[in-house]
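One structure is given below, encoded as structure tokens.
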Amino acid sequence: MNQVKYNKQWVLRVIVAAILFTIHCSLFTAVAQTPAYLDESKPLEQRIDDALARMTLDEKIAVIHAQSKFSSPGVKRLGFPDLWTDDGPHGVRPDVLWDEWEQAGQTNDSCVAFPALTCLAATWNPDLARLYGESLGEEALYRNKSVMLGPGVNIFRTPLNGRNFEYIGEDPWLASRMVVPYVQGLQSKGVAACVKHYALNNDEEYRHQVNVIVSDRALHEIYLPAFKAAVQEGGAWAIMGAYNLYKDQHNCHNDIMLNKILKQDWGFDGVVISDWGGCHNTDEAVRNGLDLEFGTWTDGLTMGKTNAYDAYYLAAAYKQAIQQGKYTTKELDEKVRRVLRLFYRTTMKRNKAVGFLCSESHYDAALKIAQEGIVLLKNDVVKKDKAPLLPLNLQKMQRILVVGENAIKMMTVGGGSSSLKAQREILPLDALQARVAGLEYARGYVGDTVQSYNGVTVGRSLYETRTQAELTAETVEKAREADVVIFIGGLNKSDHQDCEGHDRLSYDLPYAQNEVIETILKVNPRLVYVNISGNPAALPWIAKVPAVLQAWFIGSEAGEAIASVLTGETNPSGKLPFTWYASLDQCGAHATGAYPGTWRADHKIIDEEYKEGLFVGYRWIDKLSNTPLFPFGYGLSYTTFKLGKATADKQELTVDDKITFTIPVTNTGAVAGAETIQLYISDLEASVERPVKELKAFRKVFLQPGETKQVSLTIDRSALSFYNDQTGQWTAEPGEFKALIGTSSNNIISNYKFKLK
């Protein structure tokens, strides 16, 4: 009897054990199974849905605003790392303290400084834009940065804008063609481009108060195309809102700009990030398209808050409003969905490229971009030599004098958020001294003796005790005996020059540069002027100076690039990405009295009407038949080129068709070089006012001496279209058009008439 009882208990125990084992295995399997949000085999949107469903309200609120100057939190409970951004677009900015703008004092956050975007634009070479983006992405990866705050594509409307050096010129087509490969190159490394500053950010002074009044046609034809291309062709993962207002709403939370145009019309699926301090109230931030808030004005953690970042507009105030029923979680979930999408594209991307910091390949890229971007503006024949002054003939020149503060001043430091801590910056004087024995230097003038910016020092001391009279006297004495004088001047990164936060006060060169140049010319007419800047300037002595180079702010390899062009090691091939006005009254924004706008009665907002409308840059020059100092698209070479007669593969273009123009280009000189062929379109039968011509295609071609290549340029119906502000659609009207092909906006070599059916 006991044996039977024992057997029954044993069987029961076995059954219970089996049940428990089954339950345990089921639980283990459930635990071991990868959650959908972490399963890379699942579609992206399914992973986002799963992650979103798992997040608490606090976690959702946390991921849509900053936790430090440059980072926002991930979701630690679910394994999402923090998101780190950094300033660009010319290099990876050195790390700052958690709550302050001052440098963190690290020793491993130097970088390669790439040329400013004006220089990239001047290459007219989209392949270099791709190389730029890839190189920058590798530097960002090494530094664990997931979002680079750039590139900037605001249109060059006035040469007084202090931030023009960060942008890609005055023409929407050129900017569009250069920004797309930059974005693609950067994001190919798993680093998000945050294209900025969207949009109409064309003033730095009072940038938080400027309310832009602009026609729909000008907005869509001039100021938005580069952003649209970055989104729809480049696939940009982030957009940064601008400080200024449009239709009385700040652009970091602007219903028309963000909800309608960017997200609805263009289909942008990425994240809208506020410019630092660009968010101004919770309600507009919630409703009008802002996704991720950074830089709202707090004073670190010193204002009595447990956490100052909880005081952001999309933080505690937003959470409280949801809890009180003012908002549902509809808008919040949309913002979080976009942020999660950014996480999966960056921090959660498992198979990333390899990051490199300060590699030789990056220095090579920086040098190549700099060399191709330098523009030879003037190179007259010197009677004594019976040859142009450039390239310098070092065999015949015994005494070379370099003059100018910009020959010894670092330009990677300062200028606002694009300031860098470059591992090295080769200065023009040093690069020339390495090539020329016995080269002499005279400072010539004193501009800016500041020794550091945001904790980064500028290298050699710029301290100077001599008076301007003494500096001028030294320069004249040395110039009188020199075979050639190289004056390296222009602007710098100081306030009211090429600098974020301020606009220029004058179109003139600063300091005593004009006076010193005029004095040099009295004793030695063999002068080469090298202009370092991101903006043009008035050059009143230009007729007397035989050679002029535009050398931009070109980063770590600046001196090497400039010296290689001056000595002929590199044949310059850059083309101006903007019109170089002889004076400000040639610029539409100034000629119409539109700039800088008018304060309202309460002195809180400036209304700035873009009275020039579509007619920005060369479009205004053409409209008034003016002659600028140097036209858009202009640049010389040490060789010469001949363009033949243009032909086309058809004479009529249908709605869904394309037309290709072909033109032979021959290098007729003695050295290899590159020419940029530019195609402009003129609408001969428009029912609305249109510019005389507009750039619609270009191609840079490299040729050996005597070599000829057939250059083909293809356009479609979109190149003939204008924005119809009555219908809100792009319209191409049937009729006759003319293709104008040349080497600058005012040097048209060949044309071809065709029809749109």
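We name chains A, B, ... following the order of the structure tokens; residues begin at 1 in each chain, and ligands are numbered from 1 as shown.
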Any idea what's packed within 9 Å of range 445-454 of chain A, counting only C-alpha atoms, ignoring anything in its chain fewer than 5 positions away? Could you give it as a PyMOL selection string?
chain A and resi 101-103+403-406+413-416+419+459-464+467-468+471-472+492+494+510-513+516
Can you tell me, as a list in words, what residues are no more than 12 Å from Val436 in chain A when counting only C-alpha atoms, ignoring any on the same chain fewer than 4 positions away?
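The residues satisfying every condition are Leu392, Asn393, Leu394, Gln395, Lys396, Met397, Gln398, Arg399, Ile400, Leu401, Val402, Leu429, Asp430, Ala431, Leu432, Glu440, Tyr441, Ala563, Ser564, Leu566 and Thr567 of chain A.
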Hey, what's within 7 Å of Glu170 in chain A if we count only C-alpha atoms and toss same-chain stuff fewer than 4 positions away? As number ranges by chain, please?
A: 155-157, 577-578, 617
Please provide as a PDB file with all heavy atoms, in the first residue's frame all residues within 7 Å of Asp291 in chain A, with the sequence filter that same-chain residues fewer than 6 positions apart are discarded (counting only C-alpha atoms).
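out.pdb was written with the following content:
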ATOM      1  N   ILE A  64      13.358  64.471 -26.649  1.00  0.00           N
ATOM      2  CA  ILE A  64      13.088  65.567 -27.591  1.00  0.00           C
ATOM      3  C   ILE A  64      13.695  66.896 -27.127  1.00  0.00           C
ATOM      4  O   ILE A  64      13.353  67.942 -27.663  1.00  0.00           O
ATOM      5  CB  ILE A  64      11.575  65.730 -27.854  1.00  0.00           C
ATOM      6  CG1 ILE A  64      10.822  66.097 -26.584  1.00  0.00           C
ATOM      7  CG2 ILE A  64      11.013  64.477 -28.507  1.00  0.00           C
ATOM      8  CD1 ILE A  64       9.376  66.493 -26.842  1.00  0.00           C
ATOM      9  N   VAL A 271      14.573  64.672 -38.586  1.00  0.00           N
ATOM     10  CA  VAL A 271      14.366  65.432 -37.362  1.00  0.00           C
ATOM     11  C   VAL A 271      14.627  66.916 -37.616  1.00  0.00           C
ATOM     12  O   VAL A 271      15.640  67.281 -38.212  1.00  0.00           O
ATOM     13  CB  VAL A 271      15.306  64.926 -36.255  1.00  0.00           C
ATOM     14  CG1 VAL A 271      15.240  65.828 -35.018  1.00  0.00           C
ATOM     15  CG2 VAL A 271      14.949  63.497 -35.873  1.00  0.00           C
ATOM     16  N   VAL A 272      13.710  67.765 -37.157  1.00  0.00           N
ATOM     17  CA  VAL A 272      13.940  69.203 -37.153  1.00  0.00           C
ATOM     18  C   VAL A 272      14.556  69.567 -35.813  1.00  0.00           C
ATOM     19  O   VAL A 272      13.949  69.347 -34.756  1.00  0.00           O
ATOM     20  CB  VAL A 272      12.638  69.997 -37.364  1.00  0.00           C
ATOM     21  CG1 VAL A 272      12.900  71.496 -37.205  1.00  0.00           C
ATOM     22  CG2 VAL A 272      12.063  69.717 -38.747  1.00  0.00           C
ATOM     23  N   ILE A 273      15.758  70.102 -35.853  1.00  0.00           N
ATOM     24  CA  ILE A 273      16.489  70.500 -34.648  1.00  0.00           C
ATOM     25  C   ILE A 273      16.496  72.023 -34.559  1.00  0.00           C
ATOM     26  O   ILE A 273      16.739  72.704 -35.557  1.00  0.00           O
ATOM     27  CB  ILE A 273      17.930  69.957 -34.687  1.00  0.00           C
ATOM     28  CG1 ILE A 273      17.914  68.421 -34.750  1.00  0.00           C
ATOM     29  CG2 ILE A 273      18.728  70.431 -33.484  1.00  0.00           C
ATOM     30  CD1 ILE A 273      19.295  67.792 -34.867  1.00  0.00           C
ATOM     31  N   LYS A 335       7.017  63.368 -32.844  1.00  0.00           N
ATOM     32  CA  LYS A 335       8.375  63.865 -32.618  1.00  0.00           C
ATOM     33  C   LYS A 335       9.304  62.720 -32.213  1.00  0.00           C
ATOM     34  O   LYS A 335      10.422  62.577 -32.736  1.00  0.00           O
ATOM     35  CB  LYS A 335       8.366  64.944 -31.529  1.00  0.00           C
ATOM     36  CG  LYS A 335       7.575  66.196 -31.863  1.00  0.00           C
ATOM     37  CD  LYS A 335       7.548  67.177 -30.685  1.00  0.00           C
ATOM     38  CE  LYS A 335       6.514  68.277 -30.884  1.00  0.00           C
ATOM     39  NZ  LYS A 335       6.789  69.119 -32.056  1.00  0.00           N
TER      40      LYS A 335
END
Pick out the closest residue to Ser417 in chain A from this set: A:Tyr752, A:Phe487, A:Trp297, A:Trp276. Count only C-alpha atoms.
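Using only C-alpha atoms, the shortest distance to Ser417 in chain A belongs to A:Trp276.
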Nearest-residue call for Leu653 in chain A, choices A:Ser718, A:Thr639, A:Ser744, A:Gln187, using only C-alpha atoms
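Using only C-alpha atoms, Leu653 in chain A sits closest to A:Ser718.
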Using only C-alpha atoms, which protein or nucleic acid residues come within 10 Å of Leu614 in chain A? Drop anything in the same chain fewer than 6 positions from it, and give the result as a list in words.
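What passes the distance filter is Val214, Ser215, Asp216, Arg217, Ala218, Leu219, His220, Glu221, Ile222, Tyr223, Gly588, Trp620, Glu689, Arg690 and Pro691 of chain A.
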Write out as a PyMOL selection string all residues of range 359-539 of chain A that backbone DSSP assigns to alpha helix (DSSP H).
chain A and resi 360-373+428-433+468-481+513-523
Using the selection just defined, write its residues with C-alpha atoms as a tab-separated table (two decimals), in the first residue's frame.
chain	number	residue	atom	x	y	z
A	360	GLU	CA	46.76	61.95	-44.13
A	361	SER	CA	43.88	61.17	-46.47
A	362	HIS	CA	41.87	63.93	-44.78
A	363	TYR	CA	44.71	66.42	-45.12
A	364	ASP	CA	45.01	65.42	-48.78
A	365	ALA	CA	41.28	66.02	-49.23
A	366	ALA	CA	41.48	69.42	-47.51
A	367	LEU	CA	44.42	70.43	-49.73
A	368	LYS	CA	42.77	69.31	-52.96
A	369	ILE	CA	39.53	71.17	-52.16
A	370	ALA	CA	41.49	74.29	-51.21
A	371	GLN	CA	43.58	74.22	-54.38
A	372	GLU	CA	40.58	73.74	-56.66
A	373	GLY	CA	38.62	76.45	-54.87
A	428	PRO	CA	50.81	81.33	-45.97
A	429	LEU	CA	54.12	82.88	-44.85
A	430	ASP	CA	55.46	79.53	-43.62
A	431	ALA	CA	54.55	77.73	-46.84
A	432	LEU	CA	56.17	80.43	-48.97
A	433	GLN	CA	59.31	80.51	-46.83
A	468	GLN	CA	50.77	102.34	-38.33
A	469	ALA	CA	53.25	104.93	-39.57
A	470	GLU	CA	56.15	102.74	-38.51
A	471	LEU	CA	54.61	99.65	-40.12
A	472	THR	CA	53.99	101.54	-43.37
A	473	ALA	CA	57.55	102.90	-43.42
A	474	GLU	CA	59.01	99.40	-42.98
A	475	THR	CA	56.78	98.05	-45.75
A	476	VAL	CA	57.74	100.80	-48.21
A	477	GLU	CA	61.44	100.38	-47.52
A	478	LYS	CA	61.32	96.64	-48.19
A	479	ALA	CA	58.89	96.89	-51.12
A	480	ARG	CA	61.11	99.35	-52.99
A	481	GLU	CA	63.85	96.70	-53.34
A	513	GLN	CA	44.94	97.82	-45.94
A	514	ASN	CA	43.88	100.16	-48.75
A	515	GLU	CA	46.31	102.86	-47.63
A	516	VAL	CA	49.21	100.41	-47.37
A	517	ILE	CA	48.48	98.92	-50.81
A	518	GLU	CA	48.35	102.36	-52.42
A	519	THR	CA	51.66	103.22	-50.77
A	520	ILE	CA	53.31	100.03	-52.01
A	521	LEU	CA	52.12	100.69	-55.57
A	522	LYS	CA	53.91	104.04	-55.58
A	523	VAL	CA	57.27	102.32	-55.15
For Trp173 in chain A, the closest of A:Trp552, A:Tyr581, A:Trp124, A:Tyr313 counting only C-alpha atoms is A:Trp124
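Pairwise distance (CA of Val456 in chain A, CA of Gly105 in chain A) equals 9.3 Å.
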Separation of CA of Thr118 in chain A and CA of Gln232 in chain A, in Å?
22.9 Å
Counting only C-alpha atoms, what is within 9 Å of Val528 in chain A, bar same-chain residues fewer than 6 positions away, as a list in words?
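Final neighbour list, sorted by chain and number: Asn379, Leu389, Leu390, Val484, Val485, Ile486, Phe487, Ile488, Val545, Pro546, Ala547, Val548 and Leu549 of chain A.
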If you measure from CA of Val153 in chain A to CA of Val565 in chain A, what distance in Å do you get, rounded to one decimal?
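CA of Val565 in chain A lies at a distance of 27.6 Å from CA of Val153 in chain A.
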Tell me which protein, DNA and RNA residues are within 12 Å of Leu97 in chain A, counting only C-alpha atoms, leaving out same-chain ones fewer than 6 positions away, and put them as a list in words.
Ser68, Lys69, Phe70, Ser71, Gln103, Ala104, Gly105, Gln106, Gly300, Asn454 and Gly455 of chain A
Could you save the residues just selected, with N, CA, C and O atoms, as a compact mmCIF listing (two decimals), in the first residue's frame?
# COMPACT_ATOMS: atom_id res chain seq x y z
N SER A 68 22.61 68.46 -22.39
CA SER A 68 23.85 69.23 -22.22
C SER A 68 23.94 70.18 -23.40
O SER A 68 23.01 70.28 -24.20
N LYS A 69 25.04 70.89 -23.52
CA LYS A 69 25.18 71.84 -24.62
C LYS A 69 25.04 71.17 -25.98
O LYS A 69 24.49 71.75 -26.92
N PHE A 70 25.54 69.94 -26.11
CA PHE A 70 25.57 69.32 -27.44
C PHE A 70 25.03 67.89 -27.46
O PHE A 70 25.19 67.21 -28.48
N SER A 71 24.40 67.43 -26.39
CA SER A 71 23.86 66.07 -26.42
C SER A 71 22.42 66.04 -25.94
O SER A 71 21.97 66.91 -25.20
N GLN A 103 35.97 75.42 -23.75
CA GLN A 103 36.56 74.14 -24.10
C GLN A 103 36.70 73.24 -22.88
O GLN A 103 36.95 73.71 -21.76
N ALA A 104 36.55 71.95 -23.10
CA ALA A 104 36.67 70.98 -22.02
C ALA A 104 38.12 70.72 -21.65
O ALA A 104 38.39 70.07 -20.64
N GLY A 105 39.04 71.20 -22.46
CA GLY A 105 40.46 71.02 -22.16
C GLY A 105 40.99 69.65 -22.49
O GLY A 105 42.01 69.22 -21.94
N GLN A 106 40.36 68.96 -23.41
CA GLN A 106 40.82 67.64 -23.80
C GLN A 106 42.03 67.74 -24.73
O GLN A 106 42.27 68.77 -25.36
N GLY A 300 23.45 77.08 -17.56
CA GLY A 300 23.96 75.85 -16.98
C GLY A 300 23.03 75.34 -15.90
O GLY A 300 21.82 75.26 -16.09
N ASN A 454 37.34 81.12 -27.47
CA ASN A 454 36.63 79.99 -26.86
C ASN A 454 37.60 78.94 -26.32
O ASN A 454 37.35 77.74 -26.39
N GLY A 455 38.75 79.43 -25.80
CA GLY A 455 39.71 78.53 -25.20
C GLY A 455 40.75 77.95 -26.14
O GLY A 455 41.63 77.20 -25.71
Members of range 501-723 of chain A assigned strand (DSSP E) by DSSP, as a PyMOL selection string
chain A and resi 527-532+547-550+598-599+606-609+641-643+647-648+652-653+658-667+673-683+694-703+708-716+722-723
Distance table requested - range 131-184 of chain A against range 202-209 of chain A, cut-off 10 Å, only C-alpha atoms: one row per qualifying residue with the closest atom pair and its distance in Å to one decimal, ordered by chain and rising residue number, as CSV.
residue,atom,partner,partner_atom,distance
A:Asn154,CA,A:Asn202,CA,6.8
A:Ile155,CA,A:Asn202,CA,7.2
A:Phe156,CA,A:Asn202,CA,7.2
A:Arg157,CA,A:Asn202,CA,6.6
A:Thr158,CA,A:Asn202,CA,7.7
A:Pro159,CA,A:Asn202,CA,9.9
A:Leu160,CA,A:Asp203,CA,8.4
A:Asn161,CA,A:Asp203,CA,5.6
A:Gly162,CA,A:Glu204,CA,6.3
A:Arg163,CA,A:Glu204,CA,7.0
A:Asn164,CA,A:Asn202,CA,8.2
